[in-house]
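Enquirer: Please see the structure below; I have some questions.
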Amino acid sequence: MKIAICGKGGVGKSTISALVVQALLDRGRKVLAIDADPSPHLARLLGLNHKNITPIAAMKDLLQERSQRNGPFYNMNPRVGDLPEKFMKRQGNLSLMVLGAIPQGGAGCACAENAVLRNLLNSLLLSKGEDIVLDMEAGVEHLGRGTIASVDHILVVVQPYRGSLETAEKIEKLAGDLKIRSLHVVANNIHDQADLDFIKKICGVEPSGAFRYSPGARSAEREGLPVAGADKELLDSAGELIESLESNT
Ligand SMILES: Nc1ncnc2c1ncn2[C@@H]1O[C@H](COP(=O)(O)OP(=O)(O)OP(=O)(O)O)[C@@H](O)[C@H]1O
Ligand SMILES: [Mg+2]
């Protein structure tokens, strides 16, 4: 199962990514977690040693070498097959790849570097055997680039406030344009039934998963501890979410 976790900034994408990864591991699966956040911290939430991990997007020399950029020309299909082995962190059935932000235009075109990152992501998403959980950067921009068109499920994390639900609506529209079949709303930071009802009313769908507000998750994050060990109920919610996705496939 290949899942991308999207949503507005700060809604809980990385927290839910880490919980889903752990719930999959607990079910005996092999999991590749990909951190595609510009300021990555999924390693810490997963309890992996996060020191000395350079995001691949920040490896300018590597990206230039692979893209064979020469003035305006570059290789549209750069060699990436060896990169996962080199840059993955492994611990038991868990692998982590820190992709980092995909560089944007502005100060010089980053198309060549983008081609390397896109090729790498595509080859990982098309590979078989492992489950993939992709912790996306905030907002909708990445969907516009079509980088995650080959995932099985997009989860849009929302909280019970209008701003996060408006972002969810944009994500839904772009996912529709990309013909992604399976898009799910996941409610986070739920205090009570009224929060869930608000999400249902605004989104017009039943969330495929719901995570309640958890003081334990909040303090684990502050202390730099893995989130899955902090609150058994949140981990159970991640398990229920996986089951709901699997019954949907
Ligand atoms: N269910 C929850 N209960 C309590 N705190 C939560 C919950 N979910 C997330 N948080 C807290 O909210 C903050 C933001 O969460 P997180 O980093 O997962 O969001 P994000 O969407 O990945 O943010 P960003 O857009 O910056 O990548 C963190 O301090 C996290 O501990
Ligand atoms: Mg995050």
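The way I read the labels, and the way they are meant: chains A, B, ... in the order of the structure tokens, residue 1 as the first residue of every chain, and ligand 1 as the first ligand shown, with later ones counted on from there.
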DSSP on the backbone, strand (DSSP E or B) only: what residues of segment 105-236 of chain A does that give? Format it as an MDAnalysis selection string.
Expert: chainID A and resid 131:136 139 153:158 183:190 209:212
Enquirer: Next, the residues of the selection above should be written as a CSV table (one decimal), in the first residue's frame with C-alpha atoms.
Expert:
chain,number,residue,atom,x,y,z
A,131,ASP,CA,4.5,-0.3,1.9
A,132,ILE,CA,5.3,3.4,1.4
A,133,VAL,CA,4.2,6.3,3.6
A,134,LEU,CA,5.0,9.7,2.2
A,135,ASP,CA,4.9,12.6,4.6
A,136,MET,CA,4.3,15.6,2.3
A,139,GLY,CA,-0.3,22.8,1.2
A,153,HIS,CA,-4.3,6.5,-1.4
A,154,ILE,CA,-4.0,10.2,-0.6
A,155,LEU,CA,-4.9,11.0,3.0
A,156,VAL,CA,-5.8,14.7,3.6
A,157,VAL,CA,-5.4,15.5,7.3
A,158,VAL,CA,-7.8,18.1,8.6
A,183,LEU,CA,-8.7,10.3,-1.5
A,184,HIS,CA,-9.6,10.1,2.2
A,185,VAL,CA,-10.2,12.7,4.8
A,186,VAL,CA,-8.5,12.0,8.1
A,187,ALA,CA,-9.6,14.0,11.2
A,188,ASN,CA,-7.0,15.1,13.7
A,189,ASN,CA,-7.0,16.8,17.0
A,190,ILE,CA,-10.5,15.8,17.8
A,209,GLY,CA,-9.9,7.9,10.3
A,210,ALA,CA,-10.0,10.1,13.4
A,211,PHE,CA,-7.3,10.9,15.9
A,212,ARG,CA,-8.3,12.6,19.1
Enquirer: Could you produce a table of the residues of chain A lying within 10 Å of ligand 1, with the nearest pair of atoms per residue and their separation in Å rounded to one decimal, using only C-alpha atoms and all ligand atoms, ordered by chain and increasing residue number, as a tab-separated table?
Expert:
residue	atom	partner	partner_atom_place_in_ligand_line	distance
A:Ile5	CA	ligand 1	21 (O)	9.0
A:Cys6	CA	ligand 1	21 (O)	7.8
A:Gly7	CA	ligand 1	21 (O)	6.5
A:Lys8	CA	ligand 1	25 (O)	6.1
A:Gly9	CA	ligand 1	25 (O)	3.1
A:Gly10	CA	ligand 1	23 (O)	3.3
A:Val11	CA	ligand 1	21 (O)	4.0
A:Gly12	CA	ligand 1	18 (O)	3.3
A:Lys13	CA	ligand 1	21 (O)	3.8
A:Ser14	CA	ligand 1	22 (O)	3.7
A:Thr15	CA	ligand 1	18 (O)	3.6
A:Ile16	CA	ligand 1	18 (O)	6.4
A:Ser17	CA	ligand 1	18 (O)	7.8
A:Ala18	CA	ligand 1	18 (O)	8.5
A:Leu19	CA	ligand 1	18 (O)	9.9
A:Asp35	CA	ligand 1	27 (O)	9.7
A:Ala36	CA	ligand 1	27 (O)	9.2
A:Asp37	CA	ligand 1	27 (O)	6.1
A:Pro38	CA	ligand 1	27 (O)	8.1
A:Ser39	CA	ligand 1	27 (O)	7.3
A:Pro40	CA	ligand 1	27 (O)	7.6
A:His41	CA	ligand 1	17 (O)	7.9
A:Leu42	CA	ligand 1	22 (O)	8.4
A:Leu45	CA	ligand 1	18 (O)	8.6
A:Asp135	CA	ligand 1	22 (O)	7.5
A:Met136	CA	ligand 1	27 (O)	7.5
A:Glu137	CA	ligand 1	27 (O)	6.0
A:Ala138	CA	ligand 1	25 (O)	4.6
A:Gly139	CA	ligand 1	25 (O)	7.9
A:Val157	CA	ligand 1	21 (O)	7.8
A:Val158	CA	ligand 1	21 (O)	9.1
A:Gln159	CA	ligand 1	8 (N)	9.2
A:Ala187	CA	ligand 1	1 (N)	8.9
A:Asn188	CA	ligand 1	1 (N)	5.3
A:Asn189	CA	ligand 1	1 (N)	4.2
A:Ile190	CA	ligand 1	1 (N)	7.0
A:His191	CA	ligand 1	1 (N)	9.1
A:Ala210	CA	ligand 1	1 (N)	8.9
A:Phe211	CA	ligand 1	1 (N)	5.4
A:Arg212	CA	ligand 1	1 (N)	5.1
A:Tyr213	CA	ligand 1	3 (N)	3.7
A:Ser214	CA	ligand 1	3 (N)	3.7
A:Pro215	CA	ligand 1	4 (C)	5.4
A:Gly216	CA	ligand 1	4 (C)	7.1
A:Ala217	CA	ligand 1	4 (C)	5.1
A:Arg218	CA	ligand 1	31 (O)	3.9
A:Ser219	CA	ligand 1	31 (O)	6.9
A:Ala220	CA	ligand 1	31 (O)	7.0
A:Glu221	CA	ligand 1	31 (O)	4.8
A:Arg222	CA	ligand 1	29 (O)	6.9
A:Glu223	CA	ligand 1	31 (O)	9.9
A:Gly224	CA	ligand 1	31 (O)	9.7
A:Val227	CA	ligand 1	31 (O)	7.9
A:Asp231	CA	ligand 1	3 (N)	9.5
A:Leu234	CA	ligand 1	1 (N)	7.4
Enquirer: Output the selection as a PDB file, in the first residue's frame - C-alpha atoms for each residue.
Expert:
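again37.pdb, freshly written:
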ATOM      1  CA  ILE A   5      -0.261  12.223   3.671  1.00  0.00           C
ATOM      2  CA  CYS A   6      -1.156  15.818   2.817  1.00  0.00           C
ATOM      3  CA  GLY A   7      -2.812  18.834   4.391  1.00  0.00           C
ATOM      4  CA  LYS A   8      -2.376  22.364   5.571  1.00  0.00           C
ATOM      5  CA  GLY A   9       0.694  23.315   7.619  1.00  0.00           C
ATOM      6  CA  GLY A  10       0.690  22.033  11.177  1.00  0.00           C
ATOM      7  CA  VAL A  11      -2.443  19.850  10.956  1.00  0.00           C
ATOM      8  CA  GLY A  12      -0.554  16.724  12.034  1.00  0.00           C
ATOM      9  CA  LYS A  13       0.726  15.170   8.771  1.00  0.00           C
ATOM     10  CA  SER A  14       4.043  14.042  10.267  1.00  0.00           C
ATOM     11  CA  THR A  15       2.445  12.807  13.492  1.00  0.00           C
ATOM     12  CA  ILE A  16      -0.091  10.711  11.580  1.00  0.00           C
ATOM     13  CA  SER A  17       2.606   9.522   9.132  1.00  0.00           C
ATOM     14  CA  ALA A  18       4.679   8.221  12.058  1.00  0.00           C
ATOM     15  CA  LEU A  19       1.631   6.534  13.613  1.00  0.00           C
ATOM     16  CA  ASP A  35       9.972  12.523   4.414  1.00  0.00           C
ATOM     17  CA  ALA A  36       9.175  15.079   1.721  1.00  0.00           C
ATOM     18  CA  ASP A  37       8.878  18.010   4.093  1.00  0.00           C
ATOM     19  CA  PRO A  38      11.173  21.034   3.575  1.00  0.00           C
ATOM     20  CA  SER A  39      12.075  20.900   7.264  1.00  0.00           C
ATOM     21  CA  PRO A  40      12.070  17.159   7.800  1.00  0.00           C
ATOM     22  CA  HIS A  41      11.539  15.676  11.243  1.00  0.00           C
ATOM     23  CA  LEU A  42       9.860  12.350  10.579  1.00  0.00           C
ATOM     24  CA  LEU A  45       8.897  11.138  15.375  1.00  0.00           C
ATOM     25  CA  ASP A 135       4.902  12.636   4.588  1.00  0.00           C
ATOM     26  CA  MET A 136       4.268  15.573   2.271  1.00  0.00           C
ATOM     27  CA  GLU A 137       5.129  19.219   2.536  1.00  0.00           C
ATOM     28  CA  ALA A 138       2.262  21.470   3.638  1.00  0.00           C
ATOM     29  CA  GLY A 139      -0.276  22.836   1.178  1.00  0.00           C
ATOM     30  CA  VAL A 157      -5.400  15.484   7.284  1.00  0.00           C
ATOM     31  CA  VAL A 158      -7.828  18.073   8.568  1.00  0.00           C
ATOM     32  CA  GLN A 159      -8.578  19.671  11.879  1.00  0.00           C
ATOM     33  CA  ALA A 187      -9.635  14.037  11.153  1.00  0.00           C
ATOM     34  CA  ASN A 188      -7.012  15.058  13.696  1.00  0.00           C
ATOM     35  CA  ASN A 189      -6.973  16.847  17.023  1.00  0.00           C
ATOM     36  CA  ILE A 190     -10.549  15.843  17.766  1.00  0.00           C
ATOM     37  CA  HIS A 191     -11.827  16.875  21.163  1.00  0.00           C
ATOM     38  CA  ALA A 210     -10.049  10.068  13.366  1.00  0.00           C
ATOM     39  CA  PHE A 211      -7.334  10.901  15.878  1.00  0.00           C
ATOM     40  CA  ARG A 212      -8.299  12.567  19.106  1.00  0.00           C
ATOM     41  CA  TYR A 213      -6.401  15.381  20.764  1.00  0.00           C
ATOM     42  CA  SER A 214      -3.611  13.738  22.732  1.00  0.00           C
ATOM     43  CA  PRO A 215      -1.612  15.487  25.450  1.00  0.00           C
ATOM     44  CA  GLY A 216       0.772  12.493  25.306  1.00  0.00           C
ATOM     45  CA  ALA A 217       1.538  13.067  21.599  1.00  0.00           C
ATOM     46  CA  ARG A 218       2.104  16.728  22.236  1.00  0.00           C
ATOM     47  CA  SER A 219       4.559  16.217  25.048  1.00  0.00           C
ATOM     48  CA  ALA A 220       6.355  13.381  23.188  1.00  0.00           C
ATOM     49  CA  GLU A 221       6.992  15.829  20.353  1.00  0.00           C
ATOM     50  CA  ARG A 222       8.342  18.404  22.791  1.00  0.00           C
ATOM     51  CA  GLU A 223      10.650  15.862  24.356  1.00  0.00           C
ATOM     52  CA  GLY A 224      11.813  14.489  20.988  1.00  0.00           C
ATOM     53  CA  VAL A 227       4.941   9.500  18.961  1.00  0.00           C
ATOM     54  CA  ASP A 231      -0.350   7.121  23.188  1.00  0.00           C
ATOM     55  CA  LEU A 234      -3.596   7.069  18.715  1.00  0.00           C
TER      56      LEU A 234
END
Enquirer: Skip segment 88-98 of chain A itself and residues of its chain fewer than 6 positions away, then list as JSON, numbers by chain all residues within 6 Å of it, counting only C-alpha atoms.
Expert: {"A": [30, 31, 32, 33, 34, 35, 55]}
Enquirer: For all heavy atoms, I'd like the residues from the last selection saved as an mmCIF file, in the first residue's frame.
Expert:
data_model
loop_
_atom_site.group_PDB
_atom_site.id
_atom_site.type_symbol
_atom_site.label_atom_id
_atom_site.label_comp_id
_atom_site.auth_asym_id
_atom_site.auth_seq_id
_atom_site.Cartn_x
_atom_site.Cartn_y
_atom_site.Cartn_z
ATOM 1 N N LYS A 30 6.820 -4.549 5.808
ATOM 2 C CA LYS A 30 8.035 -3.762 5.560
ATOM 3 C C LYS A 30 7.592 -2.388 5.097
ATOM 4 O O LYS A 30 6.728 -2.285 4.216
ATOM 5 C CB LYS A 30 8.881 -4.421 4.474
ATOM 6 C CG LYS A 30 9.569 -5.680 4.923
ATOM 7 C CD LYS A 30 10.489 -6.202 3.853
ATOM 8 C CE LYS A 30 11.808 -5.448 3.885
ATOM 9 N NZ LYS A 30 12.769 -6.017 2.921
ATOM 10 N N VAL A 31 8.168 -1.351 5.663
ATOM 11 C CA VAL A 31 7.675 -0.006 5.368
ATOM 12 C C VAL A 31 8.818 0.929 4.986
ATOM 13 O O VAL A 31 9.862 0.955 5.645
ATOM 14 C CB VAL A 31 6.954 0.612 6.598
ATOM 15 C CG1 VAL A 31 6.293 1.931 6.222
ATOM 16 C CG2 VAL A 31 5.923 -0.345 7.169
ATOM 17 N N LEU A 32 8.591 1.668 3.921
ATOM 18 C CA LEU A 32 9.501 2.764 3.569
ATOM 19 C C LEU A 32 8.779 4.070 3.879
ATOM 20 O O LEU A 32 7.711 4.357 3.332
ATOM 21 C CB LEU A 32 9.846 2.705 2.074
ATOM 22 C CG LEU A 32 10.512 3.960 1.490
ATOM 23 C CD1 LEU A 32 11.838 4.259 2.174
ATOM 24 C CD2 LEU A 32 10.741 3.781 -0.020
ATOM 25 N N ALA A 33 9.354 4.839 4.803
ATOM 26 C CA ALA A 33 8.804 6.164 5.119
ATOM 27 C C ALA A 33 9.614 7.184 4.329
ATOM 28 O O ALA A 33 10.845 7.143 4.337
ATOM 29 C CB ALA A 33 8.925 6.427 6.610
ATOM 30 N N ILE A 34 8.914 8.064 3.628
ATOM 31 C CA ILE A 34 9.620 9.101 2.860
ATOM 32 C C ILE A 34 9.230 10.457 3.426
ATOM 33 O O ILE A 34 8.047 10.810 3.459
ATOM 34 C CB ILE A 34 9.256 9.044 1.362
ATOM 35 C CG1 ILE A 34 9.544 7.656 0.782
ATOM 36 C CG2 ILE A 34 10.028 10.111 0.582
ATOM 37 C CD1 ILE A 34 9.164 7.498 -0.688
ATOM 38 N N ASP A 35 10.224 11.192 3.863
ATOM 39 C CA ASP A 35 9.972 12.523 4.414
ATOM 40 C C ASP A 35 10.187 13.542 3.296
ATOM 41 O O ASP A 35 11.312 13.776 2.865
ATOM 42 C CB ASP A 35 10.931 12.791 5.577
ATOM 43 C CG ASP A 35 10.494 13.990 6.400
ATOM 44 O OD1 ASP A 35 9.673 14.786 5.899
ATOM 45 O OD2 ASP A 35 10.971 14.131 7.539
ATOM 46 N N PRO A 55 18.904 15.871 3.665
ATOM 47 C CA PRO A 55 17.859 15.587 2.675
ATOM 48 C C PRO A 55 18.453 15.522 1.265
ATOM 49 O O PRO A 55 19.349 16.302 0.944
ATOM 50 C CB PRO A 55 16.915 16.788 2.798
ATOM 51 C CG PRO A 55 17.253 17.438 4.091
ATOM 52 C CD PRO A 55 18.681 17.110 4.392
#
Enquirer: Which of these residues is nearest to Ala23 of chain A, using only C-alpha atoms: A:Leu99, A:Ala43, A:Val205, A:Ile242?
Expert: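 Ranked by minimum distance to Ala23 of chain A, first place goes to A:Ile242.
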Enquirer: In Å to one decimal, how far is atom 1 (Mg, counted along the ligand's line) of ligand 2 from atom CA of Gly28 of chain A?
Expert: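 Between atom CA of Gly28 of chain A and atom 1 (Mg, counted along the ligand's line) of ligand 2 the gap works out to 25.1 Å.
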Enquirer: Which is closest to ligand 2 among A:Met76, A:Met1, A:Val116, A:Ala101, if we use only C-alpha atoms and all ligand atoms?
Expert: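 For ligand 2, the nearest of the candidates is A:Ala101.
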Enquirer: Please determine, counting only C-alpha atoms and all ligand atoms, which residue among A:Arg79, A:Lys2, A:Arg29, A:Arg44 has the shortest atom-to-atom distance to ligand 2.
Expert: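 Among the listed residues, A:Arg44 lies closest to ligand 2.
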Enquirer: Point out the residue among A:Asn248, A:Asn119, A:Asn49, A:Gln68 with the least atom-to-atom distance to Leu83 of chain A, counting only C-alpha atoms.
Expert: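 Once distances to Leu83 of chain A are computed over only C-alpha atoms, the minimum belongs to A:Asn119.
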Enquirer: From the DSSP assignment of the backbone, select every residue of segment 42-248 of chain A that is alpha helix (DSSP H), and format the answer as a VMD selection string.
Expert: chain A and resid 42 to 46 60 to 67 83 to 87 111 to 126 141 to 144 162 to 177 193 to 203 215 to 223 232 to 246
